[in-house]
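Just my_file.cif here, mmCIF, N, CA and C atoms:
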data_target
#
loop_
_atom_site.label_atom_id
_atom_site.label_comp_id
_atom_site.auth_asym_id
_atom_site.auth_seq_id
_atom_site.Cartn_x
_atom_site.Cartn_y
_atom_site.Cartn_z
N MET A 1 87.65 92.47 98.32
CA MET A 1 88.69 92.92 97.41
C MET A 1 89.86 93.47 98.21
N ASN A 2 91.06 92.95 97.97
CA ASN A 2 92.28 93.44 98.61
C ASN A 2 92.85 94.57 97.77
N LYS A 3 93.03 95.72 98.40
CA LYS A 3 93.52 96.91 97.70
C LYS A 3 95.02 97.05 97.94
N VAL A 4 95.77 97.21 96.85
CA VAL A 4 97.23 97.20 96.89
C VAL A 4 97.78 98.50 96.32
N ILE A 5 98.88 98.98 96.93
CA ILE A 5 99.65 100.09 96.37
C ILE A 5 101.09 99.61 96.19
N LEU A 6 101.68 99.99 95.06
CA LEU A 6 103.06 99.63 94.73
C LEU A 6 103.94 100.86 94.86
N VAL A 7 105.11 100.70 95.50
CA VAL A 7 106.07 101.80 95.61
C VAL A 7 107.44 101.26 95.21
N ASP A 8 107.92 101.69 94.05
CA ASP A 8 109.22 101.25 93.55
C ASP A 8 109.74 102.31 92.59
N ASP A 9 111.01 102.60 92.66
CA ASP A 9 111.57 103.65 91.80
C ASP A 9 111.81 103.18 90.36
N HIS A 10 111.63 101.91 90.09
CA HIS A 10 111.81 101.39 88.73
C HIS A 10 110.45 101.18 88.06
N TYR A 11 110.23 101.93 87.01
CA TYR A 11 108.96 101.88 86.28
C TYR A 11 108.62 100.46 85.82
N ILE A 12 109.60 99.77 85.27
CA ILE A 12 109.34 98.43 84.72
C ILE A 12 108.92 97.45 85.82
N VAL A 13 109.46 97.61 87.02
CA VAL A 13 109.07 96.75 88.14
C VAL A 13 107.62 97.03 88.52
N ARG A 14 107.27 98.31 88.62
CA ARG A 14 105.88 98.67 88.95
C ARG A 14 104.91 98.11 87.91
N GLN A 15 105.26 98.25 86.64
CA GLN A 15 104.37 97.76 85.59
C GLN A 15 104.28 96.24 85.60
N GLY A 16 105.40 95.56 85.84
CA GLY A 16 105.38 94.10 85.92
C GLY A 16 104.54 93.60 87.07
N LEU A 17 104.70 94.22 88.24
CA LEU A 17 103.89 93.83 89.40
C LEU A 17 102.41 94.12 89.15
N ARG A 18 102.13 95.27 88.56
CA ARG A 18 100.74 95.61 88.25
C ARG A 18 100.12 94.54 87.34
N PHE A 19 100.87 94.13 86.32
CA PHE A 19 100.37 93.09 85.41
C PHE A 19 100.14 91.78 86.14
N LEU A 20 101.14 91.33 86.91
CA LEU A 20 100.99 90.06 87.64
C LEU A 20 99.81 90.10 88.61
N LEU A 21 99.68 91.19 89.33
CA LEU A 21 98.58 91.29 90.30
C LEU A 21 97.22 91.36 89.62
N SER A 22 97.18 91.87 88.40
CA SER A 22 95.90 91.95 87.67
C SER A 22 95.36 90.57 87.32
N THR A 23 96.21 89.55 87.37
CA THR A 23 95.77 88.19 87.05
C THR A 23 95.22 87.46 88.27
N ILE A 24 95.29 88.09 89.43
CA ILE A 24 94.84 87.45 90.67
C ILE A 24 93.48 88.00 91.06
N GLU A 25 92.56 87.08 91.25
CA GLU A 25 91.21 87.46 91.68
C GLU A 25 91.27 88.12 93.06
N ASN A 26 90.42 89.08 93.30
CA ASN A 26 90.31 89.79 94.58
C ASN A 26 91.49 90.71 94.88
N ILE A 27 92.26 91.09 93.87
CA ILE A 27 93.35 92.06 94.05
C ILE A 27 93.06 93.25 93.14
N GLU A 28 93.11 94.43 93.72
CA GLU A 28 92.96 95.66 92.95
C GLU A 28 94.14 96.57 93.27
N VAL A 29 94.91 96.94 92.26
CA VAL A 29 96.00 97.88 92.46
C VAL A 29 95.41 99.29 92.38
N LEU A 30 95.42 99.98 93.51
CA LEU A 30 94.86 101.32 93.58
C LEU A 30 95.72 102.34 92.85
N GLN A 31 97.05 102.21 93.04
CA GLN A 31 97.97 103.24 92.56
C GLN A 31 99.39 102.69 92.62
N ASP A 32 100.28 103.31 91.88
CA ASP A 32 101.70 102.99 92.05
C ASP A 32 102.49 104.29 92.09
N PHE A 33 103.61 104.26 92.82
CA PHE A 33 104.43 105.45 93.04
C PHE A 33 105.90 105.14 92.83
N ALA A 34 106.63 106.14 92.34
CA ALA A 34 108.06 106.00 92.09
C ALA A 34 108.90 106.37 93.31
N ASP A 35 108.27 106.96 94.33
CA ASP A 35 109.03 107.34 95.53
C ASP A 35 108.12 107.36 96.75
N GLY A 36 108.75 107.25 97.90
CA GLY A 36 108.02 107.18 99.16
C GLY A 36 107.34 108.47 99.55
N GLU A 37 107.95 109.60 99.23
CA GLU A 37 107.38 110.88 99.62
C GLU A 37 106.02 111.10 98.95
N THR A 38 105.94 110.80 97.67
CA THR A 38 104.68 110.95 96.94
C THR A 38 103.63 110.00 97.48
N PHE A 39 104.04 108.78 97.79
CA PHE A 39 103.12 107.80 98.37
C PHE A 39 102.56 108.30 99.70
N LEU A 40 103.40 108.83 100.57
CA LEU A 40 102.93 109.31 101.87
C LEU A 40 102.00 110.51 101.72
N GLU A 41 102.24 111.37 100.74
CA GLU A 41 101.32 112.49 100.47
C GLU A 41 99.96 111.95 100.03
N TYR A 42 99.97 110.93 99.20
CA TYR A 42 98.74 110.29 98.73
C TYR A 42 97.93 109.75 99.92
N LEU A 43 98.62 109.11 100.86
CA LEU A 43 97.93 108.52 102.01
C LEU A 43 97.20 109.55 102.86
N LYS A 44 97.68 110.78 102.87
CA LYS A 44 97.04 111.82 103.68
C LYS A 44 95.63 112.14 103.21
N GLU A 45 95.36 111.91 101.93
CA GLU A 45 94.08 112.35 101.37
C GLU A 45 93.26 111.25 100.72
N HIS A 46 93.77 110.03 100.70
CA HIS A 46 93.07 108.96 100.00
C HIS A 46 92.89 107.73 100.89
N GLU A 47 92.11 106.83 100.35
CA GLU A 47 91.85 105.56 101.01
C GLU A 47 93.16 104.80 101.24
N HIS A 48 93.27 104.19 102.41
CA HIS A 48 94.46 103.41 102.72
C HIS A 48 94.31 102.00 102.16
N PRO A 49 95.40 101.46 101.62
CA PRO A 49 95.33 100.12 101.03
C PRO A 49 95.38 99.04 102.11
N ASP A 50 95.04 97.83 101.70
CA ASP A 50 95.19 96.67 102.58
C ASP A 50 96.64 96.19 102.56
N ILE A 51 97.30 96.36 101.41
CA ILE A 51 98.67 95.86 101.22
C ILE A 51 99.49 96.94 100.52
N VAL A 52 100.74 97.12 100.98
CA VAL A 52 101.68 98.02 100.30
C VAL A 52 102.92 97.20 99.96
N LEU A 53 103.27 97.16 98.69
CA LEU A 53 104.49 96.49 98.25
C LEU A 53 105.55 97.56 98.04
N LEU A 54 106.60 97.51 98.85
CA LEU A 54 107.63 98.54 98.86
C LEU A 54 108.98 98.01 98.40
N ASP A 55 109.66 98.80 97.61
CA ASP A 55 111.06 98.54 97.28
C ASP A 55 111.87 98.95 98.51
N LEU A 56 112.82 98.14 98.90
CA LEU A 56 113.64 98.49 100.07
C LEU A 56 114.70 99.53 99.75
N VAL A 57 115.21 99.52 98.52
CA VAL A 57 116.30 100.44 98.17
C VAL A 57 115.79 101.43 97.12
N MET A 58 115.56 102.66 97.57
CA MET A 58 115.11 103.74 96.68
C MET A 58 115.80 105.03 97.09
N PRO A 59 115.94 105.96 96.16
CA PRO A 59 116.45 107.28 96.54
C PRO A 59 115.44 107.97 97.47
N GLY A 60 115.90 108.86 98.29
CA GLY A 60 114.99 109.50 99.24
C GLY A 60 114.65 108.52 100.35
N MET A 61 113.37 108.37 100.63
CA MET A 61 112.93 107.41 101.65
C MET A 61 113.01 106.00 101.10
N ASN A 62 113.62 105.10 101.87
CA ASN A 62 113.63 103.70 101.44
C ASN A 62 112.42 102.98 102.05
N GLY A 63 112.23 101.73 101.66
CA GLY A 63 111.07 100.98 102.11
C GLY A 63 110.98 100.82 103.62
N ILE A 64 112.11 100.69 104.28
CA ILE A 64 112.12 100.54 105.74
C ILE A 64 111.66 101.84 106.40
N GLU A 65 112.16 102.97 105.91
CA GLU A 65 111.74 104.27 106.47
C GLU A 65 110.25 104.51 106.26
N ILE A 66 109.75 104.13 105.10
CA ILE A 66 108.32 104.28 104.83
C ILE A 66 107.51 103.42 105.79
N THR A 67 107.95 102.18 105.99
CA THR A 67 107.25 101.28 106.91
C THR A 67 107.23 101.85 108.32
N GLU A 68 108.35 102.37 108.77
CA GLU A 68 108.41 102.97 110.11
C GLU A 68 107.47 104.16 110.22
N TYR A 69 107.39 104.97 109.18
CA TYR A 69 106.51 106.13 109.18
C TYR A 69 105.04 105.70 109.26
N ILE A 70 104.68 104.68 108.48
CA ILE A 70 103.30 104.18 108.47
C ILE A 70 102.92 103.62 109.83
N LYS A 71 103.84 102.89 110.46
CA LYS A 71 103.57 102.27 111.76
C LYS A 71 103.39 103.30 112.87
N ALA A 72 104.04 104.46 112.75
CA ALA A 72 104.02 105.48 113.81
C ALA A 72 102.67 106.16 113.93
#
Taking this structure as input, can you express it in the form of structure tokens?
Amino acid sequence: MNKVILVDDHYIVRQGLRFLLSTIENIEVLQDFADGETFLEYLKEHEHPDIVLLDLVMPGMNGIEITEYIKA
């Protein structure tokens, strides 16, 4: 099972992706977040996903900054 987390500041995008991914076998959406800061707090205490789908343009931390933080 591939575990996925969604990070996007638009609720409708998160819900649409969650719906689309629910139709794919072996994909489980663990959680979705409206901002990068909340996502990074979640990672400190929870299971890490196999895949993270990030919005590149968000208020606060953008997808590139989140990726750099995860890689470090």
Exercise. Residues picked by the PyMOL selection byres ((chain A and resi 7) around 5) here, as a list of chain:residue names?
Worked result: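 Here the PyMOL selection byres ((chain A and resi 7) around 5) matches A:Ile5, A:Leu6, A:Asp8, A:Asp9, A:Phe33, A:Leu53, A:Leu54, A:Asp55.
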Exercise. Just how far from CA of Leu40 in chain A is CA of Met58 in chain A, in Å to one decimal?
Worked result: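 About the pair CA of Met58 in chain A and CA of Leu40 in chain A: they are 14.4 Å apart.
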As lines of an AutoDock Vina configuration file, please: the centre and edge lengths in Å, to one decimal, of an axis-aligned box enclosing every listed atom of range 46-55 of chain A with 6 Å added on each side.
center_x = 101.9
center_y = 102.9
center_z = 100.0
size_x = 32.0
size_y = 26.2
size_z = 17.4
Exercise. Which residue out of A:His48, A:Lys3, A:Arg18, A:His10 has the minimum interatomic distance to Asp35 in chain A when only C-alpha atoms are used?
Worked result: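 Ranking A:His48, A:Lys3, A:Arg18, A:His10 by distance to Asp35 in chain A, first place goes to A:His10.
Considering only C-alpha atoms, the residue among A:Ile12, A:Leu43, A:Val57, A:Ile51 positioned nearest to Ile27 in chain A is A:Ile51.
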Exercise. Quick one: distance from CA of Glu25 in chain A to CA of Thr67 in chain A in Å, one decimal?
Worked result: 26.1 Å
For this session: Write out as a list in words all residues of chain A that backbone DSSP assigns to strand (DSSP E).
Result: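 Result set for chain A (strand (DSSP E)): Asn2, Lys3, Val4, Ile5, Leu6, Val7, Ile27, Glu28, Val29, Leu30, Gln31, Asp32, Phe33, Ile51, Val52, Leu53 and Leu54 of chain A.
Considering only C-alpha atoms, the residue among A:Leu17, A:Met1, A:Ile70, A:Leu56 positioned nearest to Lys44 in chain A is A:Ile70.
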For this session: Apply DSSP to the backbone of this structure and, from range 5-64 of chain A, keep only the residues in helix (DSSP H, G or I); write these as a VMD selection string.
Result: chain A and resid 11 to 22 36 to 45 63 to 64
For this session: Figure out the distance between CA of Asn2 in chain A and atom C of Asn26 in chain A, please, to one decimal in Å.
Result: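 CA of Asn2 in chain A lies at a distance of 4.7 Å from atom C of Asn26 in chain A.
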For this session: Go through A:Leu20, A:Gln15, A:Pro59, A:Ile66 one by one, measure the shortest atom-to-atom distance of each to Phe39 in chain A using only C-alpha atoms, and give the residue with the smallest value.
Result: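 Smallest distance to Phe39 in chain A is found for A:Ile66.
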Seminar exercise, completed: For Gly60 in chain A, the closest of A:Gly36, A:Val29, A:Val13, A:His46 counting all atoms listed in the file is A:Gly36
